[in-house]
Number of protein chains: 4
Amino acid sequence: MSSDRVLNAAVLGATGTVGQRFIVLLSQNPMFRIHSLGASERSAGKPYAQATRWKMSEQMPAAVRDMVVKSCEPALYQGCDVVFSGLDASVAGDVEKAFVEADFAVFSNAKNYRMAEDVPLCVPVVNTDHYAVVQAQRAARGLRKGFIVTNSNCSTSGLVVPLKALQDRFGPISRVMVTTMQAISGAGYPGVASLDILDNVVPLISGEEPKMEAEVLKILGGVAPDASVCAPLRDLRVSATCNRVPVIDGHTECVSLEFAGQPPSTDEIKQCLREYTCEAQRIGCFSAPAQVINVAEEEDRPQPRLDRNAGAGMSVTIGRIRPCSIFHVKFTLLVHNTVLGAAGASILNAEYAYKKGYIV
Amino acid sequence: MSSDRVLNAAVLGATGTVGQRFIVLLSQNPMFRIHSLGASERSAGKPYAQATRWKMSEQMPAAVRDMVVKSCEPALYQGCDVVFSGLDASVAGDVEKAFVEADFAVFSNAKNYRMAEDVPLCVPVVNTDHYAVVQAQRAARGLRKGFIVTNSNCSTSGLVVPLKALQDRFGPISRVMVTTMQAISGAGYPGVASLDILDNVVPLISGEEPKMEAEVLKILGGVAPDASVCAPLRDLRVSATCNRVPVIDGHTECVSLEFAGQPPSTDEIKQCLREYTCEAQRIGCFSAPAQVINVAEEEDRPQPRLDRNAGAGMSVTIGRIRPCSIFHVKFTLLVHNTVLGAAGASILNAEYAYKKGYIV
Amino acid sequence: MSSDRVLNAAVLGATGTVGQRFIVLLSQNPMFRIHSLGASERSAGKPYAQATRWKMSEQMPAAVRDMVVKSCEPALYQGCDVVFSGLDASVAGDVEKAFVEADFAVFSNAKNYRMAEDVPLCVPVVNTDHYAVVQAQRAARGLRKGFIVTNSNCSTSGLVVPLKALQDRFGPISRVMVTTMQAISGAGYPGVASLDILDNVVPLISGEEPKMEAEVLKILGGVAPDASVCAPLRDLRVSATCNRVPVIDGHTECVSLEFAGQPPSTDEIKQCLREYTCEAQRIGCFSAPAQVINVAEEEDRPQPRLDRNAGAGMSVTIGRIRPCSIFHVKFTLLVHNTVLGAAGASILNAEYAYKKGYIV
Amino acid sequence: MSSDRVLNAAVLGATGTVGQRFIVLLSQNPMFRIHSLGASERSAGKPYAQATRWKMSEQMPAAVRDMVVKSCEPALYQGCDVVFSGLDASVAGDVEKAFVEADFAVFSNAKNYRMAEDVPLCVPVVNTDHYAVVQAQRAARGLRKGFIVTNSNCSTSGLVVPLKALQDRFGPISRVMVTTMQAISGAGYPGVASLDILDNVVPLISGEEPKMEAEVLKILGGVAPDASVCAPLRDLRVSATCNRVPVIDGHTECVSLEFAGQPPSTDEIKQCLREYTCEAQRIGCFSAPAQVINVAEEEDRPQPRLDRNAGAGMSVTIGRIRPCSIFHVKFTLLVHNTVLGAAGASILNAEYAYKKGYIV
């Protein structure tokens with residue numbers, strides 16, 4: 001990677017939990033230098049260490065402690081090569097639009113533009129082929145350099161990885177039933193009240209199920225022949241049930257699925273998952289995991305506490321692969337919800353974009 | 001209930017977690033007097049308070065503190081009208097057989113005889129009609145008074161309640177997909193290691209899924225025309241996925257189901273569940289809950305910490321009733337795994353048996 | 001208690017966690033009928049079930065579900081015999097003052113008036129003798145019937161019980177070092193964020209340590225000879241360290257203490273604690289526990305999950321009584337922080353006041 | 001460190017939780033190569049991945065997966081330069097003795113030889129001066145190269161760090177009262193049952209309090225003038241209370257202490273703690289933390305989830321430094337119980353020993 005330059009990165013929403021994860025990951029990534037931190041007016045003007053209630057298990061990187069937080073106005077971010085957004089959906093719409101129109105390359109974790117047809121909703125170990133619509137996006141909006149790529153909902157991120165691997169090898173999947181057990185970090189801070197989750201399960205995550213059901217179709221779909229828009233799948237039905245459990249990081253998902261055609265054997269499925277690779281690996285992106293999918297050997301895995309850090313949080317771990325008495329196959333997967341499920345995906349998206357020449 | 005006599009009850013496996021729950025519930029039940037406590041040779045001869053590591057949130061009833069624990073030999077239990085078994089499956093087979101053959105009425109929580117075709121596998125708010133096989137059971141084994149009735153696996157107990165209500169009103173159900181999030185108390189003591197469950201989910205409960213898938217068919221089925229054996233359903237397919245979560249009591253189950261015929265509306269389902277009653281209620285059993293099924297009003301319920309004690313642990317709480325994009329309807333249910341799911345079911349089974357004249 | 005009338009009770013701050021606990025306890029108490037529920041303007045006018053996010057493990061009593069919440073103006077509470085305040089300290093000052101001046105008998109869990117010298121700060125199993133200042137309080141404020149009695153901070157409630165028992169029998173205590181491990185319910189709802197407490201301990205509870213250190217002196221002190229004011233202890237030094245731990249209900253406190261004079265033996269201390277009784281018991285108050293102090297037999301007790309419900313939450317459980325290598329004795333105590341530590345104390349205070357003729 | 005050679009390391013008790021931590025830490029340490037893994041007869045002969053139930057959040061290092069576990073006989077460990085023992089105390093006594101007598105350099109986490117007067121009980125950021133007795137130890141036992149150094153109990157490890165810093169600058173400490181809140185990982189696997197710790201605190205850790213009270217005196221003491229034995233402090237009194245809390249890693253300790261002489265101010269104490277350094281740092285040991293003591297800025301720190309990984313688990317974090325109303329100063333400290341409190345200490349002890357020429 002000797003010819004690569006180090007990219008100046010901004011993190012918007014830097015004081016939130018996703019923003020904190022961006023900072024931890026970027027501080028360990030040789031491709032980026034944290035250049036600017038953006039947050040709400042309330043935080044702007046303060047040193048980051050003062051503006052933030054740091055909630056990561058990792059120590060706050062020394063480089064950001066004294067960095068003065070900026071408000072989220074594009075004019076203040078000159079010199080940034082990439083802008084990562086961990087903004088709350090309530091403000092992300094306007095702010096991200098402003099940055100894109102100011103010709104920044106924006107990589108967003110917010111939901112606002114995920115379903116826009118000319119915006120890649122990209123899980124970078126799955127569908128980097130959707131970058132093909134970036135040209136159309138720029139053209140439609142009259143942009144020279146600016147564009148936006150979003151990553152998916154955290155639960156979606158985990159689910160699409162095996163679905164993509166299986167679909168590529170064994171043909172279309174017709175039905176997917178998924179029940180999640182999601183970590184509290186997905187709700188931000190203060191997020192879930194402790195009285196709601198100690199010795200408890202909350203069987204609803206507001207808005208999560210429709211998001212999963214829709215995003216999967218877009219991610220597993222393709223791009224229109226003229227590369228103008230994404231082309232979601234039409235013949236897959238997804239039914240999601242989402243629960244919150246007393247786990248700090250790592251979403252566990254119990255999946256049952258049916259293939260449209262002749263189903264493979266359990267062994268063929270295991271082999272397919274193990275062998276799955278993605279373009280971000282092949283072109284040498286720093287954050288791409290060595291192994292996209294870890295197939296767990298032990299029968300009682302994956303477990304969030306033990307497996308969430310596999311591949312530095314960028315791998316998906318899958319276990320309990322077995323026949324389903326109703327559909328064809330059942331398995332349980334685990335995804336690190338704030339790494340591959342959020343900040344890590346955005347960062348790998350940016351690495352990919354840079355390697356492929358989208359960041360100019 | 002003035003003409004009812006108080007029954008002398010024995011609890012086998014009295015030092016275990018199910019045994020402890022039996023003791024708490026019996027001490028609050030006017031139909032029973034705790035007469036004898038049975039446990040392993042290691043405990044026999046000791047006062048109960050010494051033999052036991054008490055793990056209930058309720059205080060140990062004063063009446064049992066000094067009761068001397070017996071070994072599990074039928075000859076030591078003269079004067080007992082009913083025998084409750086919270087024995088471990090590794091010993092329940094032989095011990096329960098000996099008590100039945102000694103002409104005791106045995107109500108067992110163990111799995112050993114659940115699938116025997118002339119043994120009722122009875123969730124007492126669901127299928128007390130299976131008591132019809134008791135006569136055949138006695139005849140086949142040459143018993144005068146003795147018989148055995150088992151209750152189901154804790155997860156099964158919750159699931160069959162709404163299935164029974166729906167099947168009775170709307171006809172056969174063809175497919176049921178269920179994913180559970182089960183409490184640690186289901187594994188006994190010491191049971192689940194804390195390193196396995198704090199900040200974690202364990203995606204396997206050994207042997208649980210096949211038990212659920214088989215037991216549901218027997219419980220929702222009927223009895224052969226000659227009342228000689230139980231007649232499990234043949235046309236229902238159940239696919240179960242069982243997880244352990246950091247919850248002390250209360251199993252949460254996410255269910256999706258398909259009716260064989262024309263499906264009812266969500267409102268019709270809610271009404272059906274609310275209106276469901278059972279014979280144990282109608283004949284005035286003490287432990288029968290006033291409301292078998294609580295349909296939760298709030299969209300984020302049921303929750304184990306808040307709902308497990310509904311109906312003193314004998315009600316099932318159901319919420320999030322909504323259409324499924326694959327099957328017909330989805331909902332989430334909660335059952336108290338050591339009350340309706342274990343000791344409470346056995347006790348209500350015994351109350352029912354007494355009221356119906358089976359205990360002689 | 002046949003000659004007792006049932007008192008009409010109001011609960012202010014009825015939608016909060018302390019208010020919810022008041023409602024649960026009052027609904028189980030034959031001395032009271034819940035007459036009125038008061039809360040903020042935001043809740044006023046709504047049925048209680050709608051205005052409240054119920055977080056108790058006990059089901060919401062049917063009697064309050066449809067009761068319309070009132071704002072906290074005394075004129076709306078005619079017919080109430082006692083007013084319980086679970087108000088937040090930010091509003092309790094003015095509201096409680098208004099109710100007292102409107103001649104209501106107010107029993108408050110708020111901190112605002114605890115240290116006022118003519119207001120009893122009363123843990124009802126400890127210092128009901130402080131009611132002697134009520135006459136002076138009325139006189140000073142020109143009240144006919146109205147008065148206010150406060151209960152203590154939840155941590156203080158547990159600590160003073162053994163201190164009182166020991167001081168009464170063995171003379172003054174000179175030094176008390178206490179480290180607490182406090183439950184999340186003490187912080188209300190939403191209160192402690194789950195990201196702050198899962199797999200964690202928070203070593204600070206803001207303002208708690210000075211409260212404990214001051215309240216103990218007042219409670220263990222007496223009343224001035226002319227009964228005009230309370231007379232706090234002067235020669236006791238208390239050093240408190242307060243921590244939050246992932247426990248739902250029940251504060252655990254590790255105590256080391258030094259007597260001013262000749263110290264008793266460990267056995268004498270155990271006997272003293274076991275034998276301790278209070279006036280609220282002797283005059284037959286419904287909520288007074290049969291045993292004020294449970295001395296745990298097992299060496300690994302008290303434990304919050306197992307012991308918090310002792311005496312329906314009104315007993316203190318004490319264990320690990322042993323010599324201290326620095327002071328004279330060490331022990332660990334457990335108090336139910338929302339029962340004896342909050343709502344239960346207020347209710348027993350009201351029962352006592354009624355029995356002694358203060359409620360007119 | 002270019003002239004350093006890589007040492008071949010054996011880990012005894014390799015399948016236990018301390019053994020697993022040794023493996024994780026050694027695999028990240030350039031000074032060591034894992035050469036041999038020893039465990040009980042039950043595990044011997046199996047590949048490590050099969051013999052072990054891995055419970056670390058970090059993935060099992062690839063290098064050990066297929067390494068065949070040996071039994072703990074010295075003859076099988078030829079070629080090892082250092083032997084780390086994570087053995088259970090029930091077997092450590094004999095096994096460690098055998099390895100020492102076979103002339104191995106043994107670094108043990110077990111308690112068996114900690115209080116032997118010619119064995120350094122060494123917290124490597126505190127009292128590496130105790131290595132002075134190694135020569136006497138060898139002489140007394142007729143050893144040429146072999147010797148044993150132990151690390152302390154996990155709770156002790158954290159406590160002695162600030163005590164050493166303060167004692168060195170401000171003179172003798174006379175009294176220390178400490179109350180701990182200890183993580184479950186300290187109890188090994190399966191260790192603490194989940195029913196004992198979810199929503200709970202256990203106020204006893206068997207044998208822990210006397211260990212802390214004795215070990216502190218030895219560690220903070222010196223070495224006899226002739227370097228024949230360690231010379232524990234005589235004039236310090238320590239009173240310890242130990243609790244188990246639902247935390248995975250990281251012991252929190254609330255400390256109050258009194259100086260023998262004139263006490264320093266809070267600011268002087270903070271400065272002293274911040275400035276503390278140790279010889280292991282000065283001679284460039286790999287595992288020595290950059291900062292031995294982190295003085296937390298925020299008033300609600302240290303917290304185990306946020307601070308346990310400070311200095312890769314080798315730093316102690318201290319906060320809430322404030323006057324005590326009874327003794328001179330109070331503070332709260334956090335130590336990673338399986339890193340500085342166990343395996344990390346042994347490894348740093350070995351690094352120090354190598355740098356100083358003890359490993360020959």
# chains A, B, ... in the order shown; residues from 1 in each chain; ligands from 1
$ closest_atom_pairs --of "chain D" --to "chain C" --cutoff "8 Å" --atoms "only C-alpha atoms" --output "JSON lines"
{"residue": "D:Arg175", "atom": "CA", "partner": "C:Ile326", "partner_atom": "CA", "distance": 7.3}
{"residue": "D:Met177", "atom": "CA", "partner": "C:Ile326", "partner_atom": "CA", "distance": 7.7}
{"residue": "D:Thr179", "atom": "CA", "partner": "C:Thr179", "partner_atom": "CA", "distance": 6.9}
{"residue": "D:Leu198", "atom": "CA", "partner": "C:Val247", "partner_atom": "CA", "distance": 7.7}
{"residue": "D:Asp199", "atom": "CA", "partner": "C:Val247", "partner_atom": "CA", "distance": 4.3}
{"residue": "D:Asn200", "atom": "CA", "partner": "C:Arg305", "partner_atom": "CA", "distance": 5.4}
{"residue": "D:Val201", "atom": "CA", "partner": "C:Gln303", "partner_atom": "CA", "distance": 5.8}
{"residue": "D:Val202", "atom": "CA", "partner": "C:Gln303", "partner_atom": "CA", "distance": 5.8}
{"residue": "D:Pro203", "atom": "CA", "partner": "C:Asp300", "partner_atom": "CA", "distance": 5.8}
{"residue": "D:Leu204", "atom": "CA", "partner": "C:Asp300", "partner_atom": "CA", "distance": 5.2}
{"residue": "D:Arg237", "atom": "CA", "partner": "C:Ile326", "partner_atom": "CA", "distance": 6.6}
{"residue": "D:Val238", "atom": "CA", "partner": "C:Ser325", "partner_atom": "CA", "distance": 6.8}
{"residue": "D:Ser239", "atom": "CA", "partner": "C:Ser325", "partner_atom": "CA", "distance": 5.4}
{"residue": "D:Thr241", "atom": "CA", "partner": "C:Cys254", "partner_atom": "CA", "distance": 7.4}
{"residue": "D:Val245", "atom": "CA", "partner": "C:Val245", "partner_atom": "CA", "distance": 7.4}
{"residue": "D:Pro246", "atom": "CA", "partner": "C:Asp199", "partner_atom": "CA", "distance": 6.1}
{"residue": "D:Val247", "atom": "CA", "partner": "C:Asp199", "partner_atom": "CA", "distance": 4.3}
{"residue": "D:Ile248", "atom": "CA", "partner": "C:Asp199", "partner_atom": "CA", "distance": 6.0}
{"residue": "D:Thr252", "atom": "CA", "partner": "C:Val201", "partner_atom": "CA", "distance": 7.8}
{"residue": "D:Cys254", "atom": "CA", "partner": "C:Thr241", "partner_atom": "CA", "distance": 7.4}
{"residue": "D:Glu299", "atom": "CA", "partner": "C:Leu204", "partner_atom": "CA", "distance": 7.3}
{"residue": "D:Asp300", "atom": "CA", "partner": "C:Leu204", "partner_atom": "CA", "distance": 5.2}
{"residue": "D:Arg301", "atom": "CA", "partner": "C:Pro203", "partner_atom": "CA", "distance": 6.4}
{"residue": "D:Pro302", "atom": "CA", "partner": "C:Pro203", "partner_atom": "CA", "distance": 7.0}
{"residue": "D:Gln303", "atom": "CA", "partner": "C:Val201", "partner_atom": "CA", "distance": 5.8}
{"residue": "D:Pro304", "atom": "CA", "partner": "C:Asn200", "partner_atom": "CA", "distance": 5.5}
{"residue": "D:Arg305", "atom": "CA", "partner": "C:Asn200", "partner_atom": "CA", "distance": 5.4}
{"residue": "D:Cys324", "atom": "CA", "partner": "C:Ser239", "partner_atom": "CA", "distance": 6.4}
{"residue": "D:Ser325", "atom": "CA", "partner": "C:Ser239", "partner_atom": "CA", "distance": 5.4}
{"residue": "D:Ile326", "atom": "CA", "partner": "C:Ser239", "partner_atom": "CA", "distance": 6.2}
{"residue": "D:Thr332", "atom": "CA", "partner": "C:Pro203", "partner_atom": "CA", "distance": 7.3}
$ select_by_dssp --residues "region 172-258 of chain B" --states "helix (DSSP H, G or I)" --output "PyMOL selection string"
chain B and resi 184-187+194-197+208-220
$ write_last_selection --atoms "all heavy atoms" --output "short mmCIF file (atom, residue, chain, number, x, y, z; two decimals), in the first residue's frame"
data_model
loop_
_atom_site.label_atom_id
_atom_site.label_comp_id
_atom_site.auth_asym_id
_atom_site.auth_seq_id
_atom_site.Cartn_x
_atom_site.Cartn_y
_atom_site.Cartn_z
N ILE B 184 -32.36 -18.58 32.64
CA ILE B 184 -31.35 -19.46 33.21
C ILE B 184 -31.92 -20.43 34.23
O ILE B 184 -31.37 -21.50 34.44
CB ILE B 184 -30.19 -18.67 33.85
CG1 ILE B 184 -30.71 -17.72 34.94
CG2 ILE B 184 -29.42 -17.91 32.80
CD1 ILE B 184 -29.61 -17.09 35.79
N SER B 185 -33.03 -20.08 34.87
CA SER B 185 -33.56 -20.98 35.90
C SER B 185 -33.99 -22.31 35.30
O SER B 185 -34.08 -23.30 36.01
CB SER B 185 -34.74 -20.32 36.64
OG SER B 185 -35.79 -20.03 35.74
N GLY B 186 -34.23 -22.33 34.00
CA GLY B 186 -34.58 -23.58 33.35
C GLY B 186 -33.47 -24.61 33.37
O GLY B 186 -33.71 -25.80 33.17
N ALA B 187 -32.26 -24.17 33.63
CA ALA B 187 -31.12 -25.10 33.63
C ALA B 187 -30.74 -25.58 35.02
O ALA B 187 -29.75 -26.28 35.18
CB ALA B 187 -29.92 -24.45 32.96
N SER B 194 -21.86 -18.31 34.95
CA SER B 194 -22.04 -16.87 34.71
C SER B 194 -21.15 -16.39 33.57
O SER B 194 -21.54 -15.49 32.82
CB SER B 194 -21.77 -16.08 35.98
OG SER B 194 -20.50 -16.38 36.51
N LEU B 195 -19.97 -16.97 33.41
CA LEU B 195 -19.11 -16.56 32.28
C LEU B 195 -19.75 -16.87 30.94
O LEU B 195 -19.36 -16.33 29.91
CB LEU B 195 -17.74 -17.25 32.36
CG LEU B 195 -16.67 -16.54 33.18
CD1 LEU B 195 -15.41 -17.38 33.25
CD2 LEU B 195 -16.34 -15.16 32.62
N ASP B 196 -20.73 -17.77 30.93
CA ASP B 196 -21.40 -18.10 29.67
C ASP B 196 -22.57 -17.20 29.35
O ASP B 196 -23.10 -17.25 28.24
CB ASP B 196 -21.90 -19.55 29.71
CG ASP B 196 -20.79 -20.55 29.48
OD1 ASP B 196 -19.82 -20.19 28.82
OD2 ASP B 196 -20.90 -21.68 29.98
N ILE B 197 -23.03 -16.41 30.31
CA ILE B 197 -24.31 -15.73 30.05
C ILE B 197 -24.30 -14.24 30.36
O ILE B 197 -25.15 -13.52 29.85
CB ILE B 197 -25.44 -16.48 30.80
CG1 ILE B 197 -26.79 -16.23 30.13
CG2 ILE B 197 -25.47 -16.10 32.27
CD1 ILE B 197 -26.96 -16.86 28.79
N GLU B 208 -33.28 -29.39 23.49
CA GLU B 208 -34.54 -28.65 23.69
C GLU B 208 -35.39 -28.59 22.42
O GLU B 208 -36.62 -28.71 22.48
CB GLU B 208 -34.19 -27.23 24.14
CG GLU B 208 -35.35 -26.42 24.67
CD GLU B 208 -35.61 -26.66 26.15
OE1 GLU B 208 -35.01 -27.59 26.73
OE2 GLU B 208 -36.42 -25.91 26.72
N GLU B 209 -34.73 -28.39 21.29
CA GLU B 209 -35.50 -28.19 20.06
C GLU B 209 -36.31 -29.44 19.67
O GLU B 209 -37.51 -29.33 19.40
CB GLU B 209 -34.58 -27.71 18.94
CG GLU B 209 -34.01 -26.32 19.27
CD GLU B 209 -32.88 -25.88 18.37
OE1 GLU B 209 -32.51 -26.63 17.44
OE2 GLU B 209 -32.34 -24.77 18.58
N PRO B 210 -35.69 -30.62 19.64
CA PRO B 210 -36.50 -31.80 19.32
C PRO B 210 -37.63 -32.04 20.33
O PRO B 210 -38.73 -32.45 19.94
CB PRO B 210 -35.48 -32.96 19.37
CG PRO B 210 -34.14 -32.34 19.39
CD PRO B 210 -34.27 -30.91 19.77
N LYS B 211 -37.36 -31.77 21.61
CA LYS B 211 -38.43 -31.93 22.61
C LYS B 211 -39.62 -31.05 22.26
O LYS B 211 -40.76 -31.50 22.23
CB LYS B 211 -37.91 -31.56 24.01
CG LYS B 211 -37.34 -32.73 24.79
CD LYS B 211 -37.09 -32.40 26.26
CE LYS B 211 -35.79 -31.65 26.45
NZ LYS B 211 -35.41 -31.44 27.85
N MET B 212 -39.35 -29.78 22.00
CA MET B 212 -40.46 -28.87 21.66
C MET B 212 -41.21 -29.36 20.44
O MET B 212 -42.44 -29.38 20.41
CB MET B 212 -39.92 -27.47 21.36
CG MET B 212 -39.68 -26.61 22.55
SD MET B 212 -39.36 -24.88 22.05
CE MET B 212 -41.05 -24.25 21.92
N GLU B 213 -40.44 -29.73 19.42
CA GLU B 213 -41.07 -30.09 18.15
C GLU B 213 -41.96 -31.33 18.29
O GLU B 213 -43.00 -31.44 17.63
CB GLU B 213 -39.99 -30.29 17.07
CG GLU B 213 -39.25 -28.98 16.77
CD GLU B 213 -38.14 -29.10 15.73
OE1 GLU B 213 -37.89 -30.22 15.24
OE2 GLU B 213 -37.52 -28.07 15.39
N ALA B 214 -41.57 -32.26 19.16
CA ALA B 214 -42.37 -33.47 19.35
C ALA B 214 -43.52 -33.27 20.34
O ALA B 214 -44.64 -33.73 20.12
CB ALA B 214 -41.47 -34.61 19.84
N GLU B 215 -43.25 -32.58 21.44
CA GLU B 215 -44.26 -32.45 22.49
C GLU B 215 -45.49 -31.67 22.01
O GLU B 215 -46.62 -31.99 22.39
CB GLU B 215 -43.66 -31.78 23.73
CG GLU B 215 -42.62 -32.66 24.43
CD GLU B 215 -42.04 -32.00 25.69
OE1 GLU B 215 -42.54 -30.93 26.09
OE2 GLU B 215 -41.10 -32.56 26.26
N VAL B 216 -45.25 -30.66 21.20
CA VAL B 216 -46.38 -29.86 20.70
C VAL B 216 -47.39 -30.76 19.98
O VAL B 216 -48.60 -30.62 20.16
CB VAL B 216 -45.88 -28.74 19.77
CG1 VAL B 216 -47.02 -28.11 19.00
CG2 VAL B 216 -45.14 -27.68 20.58
N LEU B 217 -46.88 -31.68 19.20
CA LEU B 217 -47.78 -32.56 18.42
C LEU B 217 -48.64 -33.43 19.34
O LEU B 217 -49.82 -33.65 19.09
CB LEU B 217 -46.96 -33.43 17.46
CG LEU B 217 -46.08 -32.69 16.46
CD1 LEU B 217 -45.48 -33.68 15.47
CD2 LEU B 217 -46.85 -31.61 15.73
N LYS B 218 -48.02 -33.93 20.40
CA LYS B 218 -48.78 -34.78 21.31
C LYS B 218 -49.83 -33.96 22.07
O LYS B 218 -50.99 -34.37 22.20
CB LYS B 218 -47.83 -35.49 22.29
CG LYS B 218 -48.56 -36.40 23.28
CD LYS B 218 -47.63 -37.29 24.09
CE LYS B 218 -48.42 -38.11 25.12
NZ LYS B 218 -47.56 -38.93 25.98
N ILE B 219 -49.43 -32.81 22.58
CA ILE B 219 -50.34 -32.02 23.42
C ILE B 219 -51.51 -31.49 22.61
O ILE B 219 -52.66 -31.48 23.08
CB ILE B 219 -49.56 -30.86 24.07
CG1 ILE B 219 -48.54 -31.42 25.05
CG2 ILE B 219 -50.51 -29.90 24.79
CD1 ILE B 219 -47.50 -30.41 25.51
N LEU B 220 -51.24 -31.06 21.38
CA LEU B 220 -52.32 -30.50 20.57
C LEU B 220 -53.15 -31.58 19.89
O LEU B 220 -54.19 -31.30 19.28
CB LEU B 220 -51.76 -29.54 19.52
CG LEU B 220 -51.13 -28.27 20.07
CD1 LEU B 220 -50.61 -27.40 18.93
CD2 LEU B 220 -52.12 -27.47 20.92
#
$ residues_around --residues "Pro120 (chain D)" --least-positions-apart "3" --cutoff "7 Å" --atoms "only C-alpha atoms" --output "list in words"
His130, Tyr131, Val133, Val149 and Thr150 of chain D
$ residues_around --residues "region 48-62 of chain B" --least-positions-apart "5" --cutoff "7 Å" --atoms "only C-alpha atoms" --output "PyMOL selection string"
(chain B and resi 15+24+27+43+67-69) or (chain C and resi 305-307+309-310)
$ closest_residue --among "C:Val292, C:Ile269, C:Ile347, C:Leu334" --to "Thr156 (chain C)" --atoms "only C-alpha atoms"
C:Leu334
$ select_by_dssp --residues "region 2-217 of chain C" --states "strand (DSSP E or B)" --output "ChimeraX atom specification"
/C:7-12,32-38,47,68,70,82-85,105-108,121,147-150,173-182,193,202
$ residues_around --residues "Phe286 (chain C)" --least-positions-apart "6" --cutoff "9 Å" --atoms "only C-alpha atoms" --output "list in words"
Asn29, Pro30, Met31, Ala280, Leu348 and Glu351 of chain C
